[in-house]
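Shown next: upload-v7.cif, containing mmCIF, C-alpha atoms and all ligand atoms.
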data_start
#
loop_
_atom_site.label_atom_id
_atom_site.label_comp_id
_atom_site.auth_asym_id
_atom_site.auth_seq_id
_atom_site.Cartn_x
_atom_site.Cartn_y
_atom_site.Cartn_z
CA MET A 1 12.41 40.27 77.81
CA THR A 2 15.87 41.39 76.74
CA GLU A 3 15.78 38.98 73.84
CA GLN A 4 12.39 40.32 72.85
CA PHE A 5 13.80 43.86 73.04
CA LEU A 6 16.84 42.93 70.95
CA LYS A 7 14.58 41.30 68.38
CA GLN A 8 12.53 44.47 68.14
CA LEU A 9 15.68 46.55 67.94
CA ARG A 10 17.04 44.35 65.12
CA PHE A 11 13.72 44.61 63.31
CA GLY A 12 13.68 48.38 63.77
CA LEU A 13 17.24 48.67 62.51
CA SER A 14 16.57 46.59 59.43
CA VAL A 15 13.53 48.78 58.62
CA LEU A 16 15.78 51.80 59.03
CA VAL A 17 18.40 50.28 56.73
CA LEU A 18 15.75 49.45 54.16
CA LEU A 19 14.44 53.00 54.34
CA LEU A 20 17.95 54.39 53.93
CA VAL A 21 18.59 52.16 50.90
CA ALA A 22 15.29 53.24 49.38
CA CYS A 23 16.16 56.90 49.95
CA GLN A 24 19.57 56.38 48.40
CA ALA A 25 18.04 54.72 45.38
CA ASP A 26 15.87 57.78 45.03
CA GLY A 27 18.86 59.98 45.62
CA GLY A 28 20.65 57.95 42.97
CA GLU A 29 18.03 58.91 40.43
CA GLY A 30 18.28 62.47 41.66
CA THR A 31 22.00 62.37 41.02
CA ALA A 32 21.42 61.10 37.51
CA VAL A 33 19.09 64.03 36.87
CA SER A 34 21.45 66.57 38.36
CA ALA A 35 24.17 65.36 35.98
CA ASN A 36 21.87 67.00 33.47
CA PRO A 37 20.95 69.89 35.80
CA PRO A 38 17.45 71.26 35.98
CA LEU A 39 17.14 74.64 34.36
CA GLU A 40 15.94 76.85 37.15
CA THR A 41 18.21 79.03 39.22
CA ASP A 42 17.38 79.34 42.96
CA ASP A 43 14.71 81.91 42.28
CA GLY A 44 13.20 79.69 39.58
CA ILE A 45 14.09 82.03 36.70
CA ILE A 46 16.01 80.56 33.79
CA VAL A 47 18.95 82.61 32.53
CA TYR A 48 20.76 82.58 29.16
CA GLU A 49 23.72 80.56 30.46
CA GLU A 50 21.37 77.68 31.31
CA LEU A 51 19.58 77.67 27.99
CA VAL A 52 20.16 74.87 25.48
CA VAL A 53 18.80 75.75 22.03
CA GLY A 54 18.58 73.56 18.95
CA TYR A 55 18.52 75.50 15.68
CA SER A 56 17.58 74.05 12.34
CA GLN A 57 18.81 76.37 9.59
CA ILE A 58 17.87 76.03 5.90
CA GLY A 59 21.36 76.14 4.41
CA ALA A 60 23.56 78.80 2.82
CA GLU A 61 21.77 79.75 -0.41
CA SER A 62 22.23 83.53 -0.16
CA GLU A 63 24.15 86.32 1.52
CA TRP A 64 21.01 86.98 3.55
CA ARG A 65 21.19 83.43 4.94
CA THR A 66 24.91 83.75 5.76
CA ALA A 67 24.22 86.94 7.70
CA ASN A 68 21.28 85.28 9.46
CA THR A 69 23.38 82.29 10.56
CA ALA A 70 26.18 84.56 11.76
CA SER A 71 23.71 86.65 13.76
CA ILE A 72 22.28 83.59 15.54
CA LYS A 73 25.71 82.13 16.33
CA GLU A 74 27.14 85.46 17.51
CA ALA A 75 24.17 86.20 19.77
CA ALA A 76 24.39 82.72 21.36
CA GLU A 77 28.12 83.09 21.93
CA ARG A 78 27.77 86.56 23.43
CA LEU A 79 24.94 85.56 25.77
CA GLY A 80 26.45 82.22 26.83
CA VAL A 81 23.60 80.17 25.34
CA GLU A 82 24.44 76.61 24.34
CA LEU A 83 23.50 76.44 20.64
CA ILE A 84 23.23 73.16 18.76
CA PHE A 85 23.21 74.26 15.13
CA SER A 86 22.17 72.13 12.17
CA ASP A 87 22.46 73.01 8.46
CA GLY A 88 19.59 71.50 6.45
CA GLN A 89 21.29 71.95 3.04
CA GLN A 90 17.97 73.09 1.50
CA LYS A 91 16.23 69.79 2.34
CA GLN A 92 13.13 69.55 4.51
CA GLU A 93 13.93 65.93 5.40
CA ASN A 94 17.27 67.06 6.90
CA GLN A 95 15.49 69.70 8.94
CA ILE A 96 12.94 67.16 10.21
CA LYS A 97 15.79 64.82 11.21
CA ALA A 98 17.54 67.67 13.03
CA ILE A 99 14.37 68.53 14.98
CA ARG A 100 13.97 64.86 15.98
CA THR A 101 17.58 64.83 17.20
CA PHE A 102 16.95 67.99 19.24
CA ILE A 103 13.92 66.31 20.82
CA ALA A 104 16.04 63.25 21.73
CA GLN A 105 18.69 65.57 23.19
CA GLN A 106 16.00 67.25 25.30
CA VAL A 107 16.98 70.79 24.35
CA ASP A 108 14.98 73.56 26.01
CA VAL A 109 13.78 75.31 22.84
CA ILE A 110 13.91 74.57 19.12
CA GLY A 111 14.36 77.36 16.58
CA VAL A 112 13.59 76.52 12.98
CA SER A 113 13.55 78.39 9.69
CA PRO A 114 11.35 76.12 7.56
CA VAL A 115 12.64 75.74 3.99
CA VAL A 116 9.07 75.26 2.71
CA GLU A 117 5.72 76.09 4.31
CA THR A 118 4.00 72.71 4.44
CA GLY A 119 4.76 69.27 5.92
CA TRP A 120 5.71 70.23 9.49
CA ASP A 121 2.67 69.07 11.47
CA SER A 122 3.94 65.68 12.70
CA VAL A 123 7.41 66.74 13.76
CA PHE A 124 6.13 69.90 15.49
CA GLN A 125 3.54 67.74 17.28
CA GLU A 126 6.38 65.43 18.43
CA ALA A 127 8.19 68.45 19.91
CA LYS A 128 5.00 69.62 21.59
CA ASP A 129 4.42 66.15 23.08
CA ALA A 130 7.97 66.24 24.44
CA GLY A 131 7.23 69.64 26.02
CA ILE A 132 9.76 71.47 23.82
CA PRO A 133 8.55 74.80 22.39
CA ILE A 134 9.15 75.60 18.72
CA ILE A 135 10.00 79.14 17.61
CA LEU A 136 9.71 79.86 13.88
CA VAL A 137 12.49 82.18 12.75
CA ASP A 138 12.52 84.06 9.42
CA ARG A 139 10.05 81.76 7.60
CA ARG A 140 6.57 80.75 8.61
CA ALA A 141 5.23 77.18 8.51
CA ASP A 142 1.68 76.35 7.52
CA VAL A 143 0.65 74.69 10.80
CA SER A 144 -1.95 75.39 13.47
CA GLU A 145 -1.00 78.03 16.04
CA GLU A 146 -0.87 75.56 18.94
CA LEU A 147 2.15 73.89 17.34
CA TYR A 148 4.55 76.82 17.79
CA ALA A 149 5.21 79.42 20.44
CA SER A 150 6.00 82.38 18.20
CA TYR A 151 7.05 83.48 14.71
CA LEU A 152 9.85 86.04 14.38
CA GLY A 153 10.25 87.40 10.88
CA SER A 154 9.25 89.71 8.09
CA ASP A 155 6.00 90.57 6.39
CA PHE A 156 6.85 89.05 3.00
CA VAL A 157 3.53 90.08 1.44
CA GLN A 158 4.28 93.69 2.32
CA GLU A 159 7.77 93.35 0.80
CA GLY A 160 6.13 92.15 -2.43
CA ARG A 161 3.75 95.14 -2.37
CA ASP A 162 6.64 97.55 -1.73
CA ALA A 163 8.61 96.06 -4.63
CA ALA A 164 5.57 96.44 -6.90
CA GLN A 165 5.02 100.05 -5.89
CA VAL A 166 8.64 100.89 -6.68
CA MET A 167 8.32 99.03 -9.99
CA VAL A 168 5.17 100.93 -10.98
CA ASP A 169 7.03 104.21 -10.43
CA LEU A 170 10.11 103.03 -12.36
CA LEU A 171 8.01 101.88 -15.32
CA ASP A 172 5.72 104.86 -15.18
CA GLY A 173 2.72 102.58 -15.26
CA GLU A 174 3.58 100.48 -18.32
CA GLY A 175 5.95 97.70 -19.36
CA ASN A 176 6.81 94.02 -19.32
CA ILE A 177 8.20 92.40 -16.21
CA VAL A 178 9.95 89.06 -15.77
CA GLU A 179 10.02 87.55 -12.30
CA LEU A 180 12.69 85.46 -10.57
CA VAL A 181 10.88 83.50 -7.88
CA GLY A 182 12.51 82.19 -4.66
CA THR A 183 12.55 78.57 -3.47
CA VAL A 184 9.32 76.92 -4.62
CA GLY A 185 6.91 76.41 -1.71
CA SER A 186 8.82 78.69 0.67
CA ALA A 187 6.94 81.37 2.63
CA PRO A 188 8.91 84.31 1.15
CA ALA A 189 8.47 83.06 -2.44
CA ILE A 190 4.72 82.52 -1.98
CA ASP A 191 4.11 85.84 -0.23
CA ARG A 192 6.41 88.00 -2.38
CA TYR A 193 4.67 86.59 -5.46
CA LEU A 194 1.22 87.42 -4.07
CA GLY A 195 2.05 90.85 -2.60
CA PHE A 196 3.59 91.96 -5.90
CA ARG A 197 0.52 90.95 -7.92
CA GLU A 198 -1.84 92.60 -5.46
CA ILE A 199 -0.48 95.99 -6.59
CA ILE A 200 0.48 95.21 -10.22
CA GLN A 201 -3.02 94.01 -11.10
CA GLU A 202 -4.27 97.56 -10.67
CA TYR A 203 -2.13 98.63 -13.65
CA PRO A 204 -3.52 97.23 -16.90
CA ASP A 205 -0.49 98.32 -18.95
CA ILE A 206 1.98 96.45 -16.80
CA HIS A 207 2.36 92.77 -17.64
CA ILE A 208 4.25 89.99 -15.89
CA ILE A 209 5.27 88.10 -19.02
CA ALA A 210 7.34 85.36 -17.38
CA SER A 211 7.90 83.95 -13.91
CA ALA A 212 10.23 81.08 -12.95
CA PRO A 213 12.10 79.83 -9.87
CA GLY A 214 15.68 80.94 -9.32
CA ASP A 215 15.95 79.21 -5.91
CA PHE A 216 17.25 82.39 -4.20
CA THR A 217 20.74 81.77 -5.64
CA ARG A 218 22.96 83.88 -7.92
CA ALA A 219 23.78 80.96 -10.22
CA LYS A 220 20.14 80.04 -10.82
CA GLY A 221 19.12 83.69 -11.13
CA GLU A 222 21.71 84.14 -13.88
CA GLU A 223 20.68 80.96 -15.67
CA VAL A 224 16.94 81.71 -15.63
CA MET A 225 17.45 85.34 -16.65
CA GLY A 226 19.54 84.06 -19.56
CA ASP A 227 16.58 81.88 -20.61
CA PHE A 228 14.17 84.82 -20.31
CA LEU A 229 16.44 86.97 -22.48
CA ARG A 230 16.76 84.31 -25.15
CA GLN A 231 12.99 83.94 -25.18
CA TYR A 232 11.82 87.56 -24.88
CA GLY A 233 14.93 89.66 -25.70
CA ASP A 234 14.34 93.38 -25.51
CA GLU A 235 10.61 92.99 -24.89
CA ILE A 236 11.71 92.82 -21.25
CA ASP A 237 11.49 96.19 -19.49
CA ALA A 238 12.08 95.06 -15.92
CA VAL A 239 13.07 92.27 -13.56
CA TYR A 240 11.45 91.59 -10.20
CA ALA A 241 13.74 89.27 -8.22
CA HIS A 242 12.56 87.79 -4.91
CA ASN A 243 16.06 88.36 -3.50
CA ASP A 244 19.19 90.39 -4.23
CA ASP A 245 21.34 87.35 -5.03
CA MET A 246 19.07 86.40 -7.94
CA ALA A 247 19.08 90.06 -9.07
CA ILE A 248 22.88 89.99 -9.09
CA GLY A 249 22.74 86.81 -11.19
CA ALA A 250 20.28 88.59 -13.53
CA ILE A 251 22.64 91.59 -13.82
CA ARG A 252 25.37 89.24 -15.09
CA ALA A 253 23.01 87.63 -17.61
CA ILE A 254 21.80 91.03 -18.88
CA GLU A 255 25.38 92.23 -19.33
CA ALA A 256 26.32 89.00 -21.12
CA TYR A 257 23.35 89.58 -23.43
CA GLY A 258 24.68 93.02 -24.26
CA LEU A 259 22.13 95.19 -22.46
CA GLN A 260 22.63 97.60 -19.56
CA PRO A 261 21.11 96.41 -16.27
CA GLY A 262 19.40 99.21 -14.36
CA VAL A 263 19.05 101.27 -17.56
CA ASP A 264 17.74 99.12 -20.44
CA ILE A 265 16.16 96.74 -17.97
CA LYS A 266 15.08 98.05 -14.57
CA ILE A 267 15.68 95.77 -11.60
CA VAL A 268 13.98 95.68 -8.20
CA SER A 269 14.80 93.04 -5.59
CA ILE A 270 14.50 92.26 -1.89
CA ASP A 271 16.90 91.83 1.09
CA ALA A 272 19.20 94.92 0.99
CA ILE A 273 22.51 93.04 1.28
CA ARG A 274 25.81 94.92 0.83
CA ASP A 275 26.24 93.74 -2.76
CA ALA A 276 22.86 95.25 -3.61
CA PHE A 277 24.12 98.62 -2.37
CA LEU A 278 27.26 98.20 -4.49
CA ALA A 279 25.11 97.34 -7.53
CA MET A 280 22.98 100.45 -6.90
CA ILE A 281 26.13 102.59 -6.64
CA ASP A 282 27.16 101.13 -10.05
CA GLY A 283 23.73 102.03 -11.45
CA LYS A 284 22.85 98.38 -12.15
CA LEU A 285 20.08 97.90 -9.58
CA ASN A 286 17.19 100.33 -9.19
CA ALA A 287 15.95 99.55 -5.68
CA THR A 288 16.14 96.98 -2.89
CA ILE A 289 13.48 96.33 -0.29
CA GLU A 290 14.92 95.54 3.12
CA CYS A 291 14.44 92.16 4.77
CA ASN A 292 16.36 92.00 8.01
CA PRO A 293 18.40 88.81 8.65
CA LEU A 294 19.93 89.95 11.97
CA LEU A 295 17.45 88.00 14.04
CA GLY A 296 19.81 86.32 16.54
CA PRO A 297 19.33 88.63 19.55
CA GLN A 298 15.53 88.81 19.15
CA PHE A 299 15.33 85.04 18.72
CA LEU A 300 17.21 84.28 21.93
CA ASP A 301 15.25 86.92 23.81
CA LEU A 302 12.05 85.19 22.68
CA ALA A 303 13.48 81.75 23.55
CA LEU A 304 14.27 82.86 27.09
CA LYS A 305 10.82 84.37 27.56
CA VAL A 306 9.16 81.21 26.27
CA VAL A 307 11.04 78.87 28.65
CA ASN A 308 10.27 81.21 31.54
CA GLY A 309 6.59 80.97 30.73
CA GLU A 310 6.26 84.64 29.82
CA SER A 311 3.66 85.50 27.24
CA VAL A 312 5.06 86.28 23.78
CA PRO A 313 3.34 87.54 20.62
CA LYS A 314 2.38 84.95 18.02
CA TRP A 315 4.17 87.10 15.41
CA LEU A 316 7.05 89.49 16.03
CA PRO A 317 7.55 91.43 12.74
CA SER A 318 10.98 92.85 11.87
CA ALA A 319 11.36 96.58 11.19
CA GLU A 320 12.34 97.27 7.55
CA SER A 321 12.52 99.91 4.79
CA VAL A 322 13.17 100.50 1.04
CA TYR A 323 16.53 101.74 -0.34
CA TYR A 324 17.32 103.63 -3.57
CA PRO A 325 20.58 104.31 -5.48
CA GLU A 326 20.81 107.97 -4.38
CA ASP A 327 21.26 106.98 -0.72
CA ALA A 328 23.30 103.82 -1.36
CA GLN A 329 26.78 105.30 -0.83
CA GLU A 330 25.88 106.95 2.44
CA ILE A 331 24.04 103.94 3.86
CA LEU A 332 26.62 101.35 2.77
CA SER A 333 29.13 102.31 5.46
CA SER A 334 26.67 101.51 8.24
CA ARG A 335 25.34 98.27 6.71
CA LYS A 336 25.93 95.20 8.85
CA TYR A 337 25.18 92.66 6.10
O1 LIG A 401 15.08 86.82 1.26
C1 LIG A 401 16.57 85.08 0.75
C2 LIG A 401 16.87 83.85 1.48
O2 LIG A 401 13.74 83.58 4.03
C3 LIG A 401 13.67 85.91 4.02
O3 LIG A 401 15.70 83.48 2.14
C4 LIG A 401 14.45 84.72 3.72
C5 LIG A 401 14.91 84.63 2.29
C6 LIG A 401 15.77 85.77 1.79
O4 LIG A 401 17.73 82.99 1.07
O5 LIG A 401 17.70 85.77 0.32
#
Using structure tokens, write down the structure from this file.
Amino acid sequence: MTEQFLKQLRFGLSVLVLLLVACQADGGEGTAVSANPPLETDDGIIVYEELVVGYSQIGAESEWRTANTASIKEAAERLGVELIFSDGQQKQENQIKAIRTFIAQQVDVIGVSPVVETGWDSVFQEAKDAGIPIILVDRRADVSEELYASYLGSDFVQEGRDAAQVMVDLLDGEGNIVELVGTVGSAPAIDRYLGFREIIQEYPDIHIIASAPGDFTRAKGEEVMGDFLRQYGDEIDAVYAHNDDMAIGAIRAIEAYGLQPGVDIKIVSIDAIRDAFLAMIDGKLNATIECNPLLGPQFLDLALKVVNGESVPKWLPSAESVYYPEDAQEILSSRKY
């Protein structure tokens, strides 16, 4: 009887031990997970300090881009967000690699400013399959809406229309324009090209006599404007540059050619960086259309909303305006980029 009881007790104990071991094994896994702590606070709401964000930036082609990068880094620092930042050096393949690394690192959200519009479907699908939302910042990608949570950025078509309207007024409805196009295949280059033509086509005496890529850089803007001048000389009445940096390059080329930028050749560009205000004060640039690069705070606000499952708009447009030389001096002091 006693032996029978002891046997049962031993059996019971060994079951208990087995159960404890099994629980511990489970707990062991739990410990491994908590080394990489789950996001939620006690009330289930994720806060900035818990957020891990991967950001794939295009590079550093312009002053706009430098201001954009600084804004994202500063906002992350201020809010306590862990930011893993990658510089794509103008190459889509580098950006795709960065996104794949972010997926492997299991970040909470991926922000990306796509250098060109197309070719993102597979890598965005990989992020979606891994449950990591993508937020497009500054530039749109040509993918289906299910592949990203939101797009934060400007209306580039409208910027092109605004630039054209200003140009029509400057030229008084007639003249020859040369165009410095941004990075080939990029959303702002495509849309600024189209928006500009939408308006210009209504003016039969205005002609776009040449259009070539200047890659959004000063150096290329200067080089291409030099080519335009050698080819068309003083037939050129105006330059439309898809960004201020290329306009500043064009100003140098026009001066080297012996003409007066802003006077002999009118210039309209986009971004509204500090140097554009300085060029307007010097009378060398006739107008700049604002494109706001200070997207850091809005991006992280969106990121937090997305991980908390809040609904966000598919497109959050930035607020922008047009600036002219007469206001340049006054506005310059308050410019943040
Ligand atoms: O206008 C240009 C830059 O994507 C809106 O990229 C941005 C553009 C900006 O390098 O200066």
Draw an axis-aligned box over all listed atoms of ligand LIG 401 (chain A), pad each side with 4 Å, and write its centre and edge lengths in Å, one decimal, as AutoDock Vina command-line options.
--center_x 15.7 --center_y 84.9 --center_z 2.2 --size_x 12.1 --size_y 11.8 --size_z 11.7
### Message
If the limit is 9 Å from any atom of ligand LIG 401 (chain A), counting all atoms listed in the file, which residues qualify? Return them as a ChimeraX atom specification.
### Response
/A:58-66,68,113-115,137-140,153-154,156,182-183,186-189,215-217,242-246,270-271,273,290-293
### Query
From the set A:Ser56, A:Ser211, A:Ser71, A:Ser318, which residue has the shortest atom-to-atom contact distance to Glu93 in chain A, counting all atoms listed in the file?
A:Ser56
### Message
What's around Ile236 in chain A at 8 Å? Count only C-alpha atoms, leave out sequence neighbours fewer than 3 positions away in its own chain, and write the answer as a list in words.
### Response
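So the residues in contact are Gly175, Asn176, Ile177, Val178, Leu229, Tyr232, Gly233, Val239 and Ile265 of chain A.
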Filtering to C-alpha atoms, could you give me those residues as a tab-separated table (two decimals), in the coordinates of the input?
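Output below, filename result14.tsv:
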chain	number	residue	atom	x	y	z
A	175	GLY	CA	5.95	97.70	-19.36
A	176	ASN	CA	6.81	94.02	-19.32
A	177	ILE	CA	8.20	92.40	-16.21
A	178	VAL	CA	9.95	89.06	-15.77
A	229	LEU	CA	16.44	86.97	-22.48
A	232	TYR	CA	11.82	87.56	-24.88
A	233	GLY	CA	14.93	89.66	-25.70
A	239	VAL	CA	13.07	92.27	-13.56
A	265	ILE	CA	16.16	96.74	-17.97
#### Entry: Distance criterion (only C-alpha atoms): nearest to Leu259 in chain A out of A:Ile199, A:Ile96, A:Ala238, A:Val112
A:Ala238
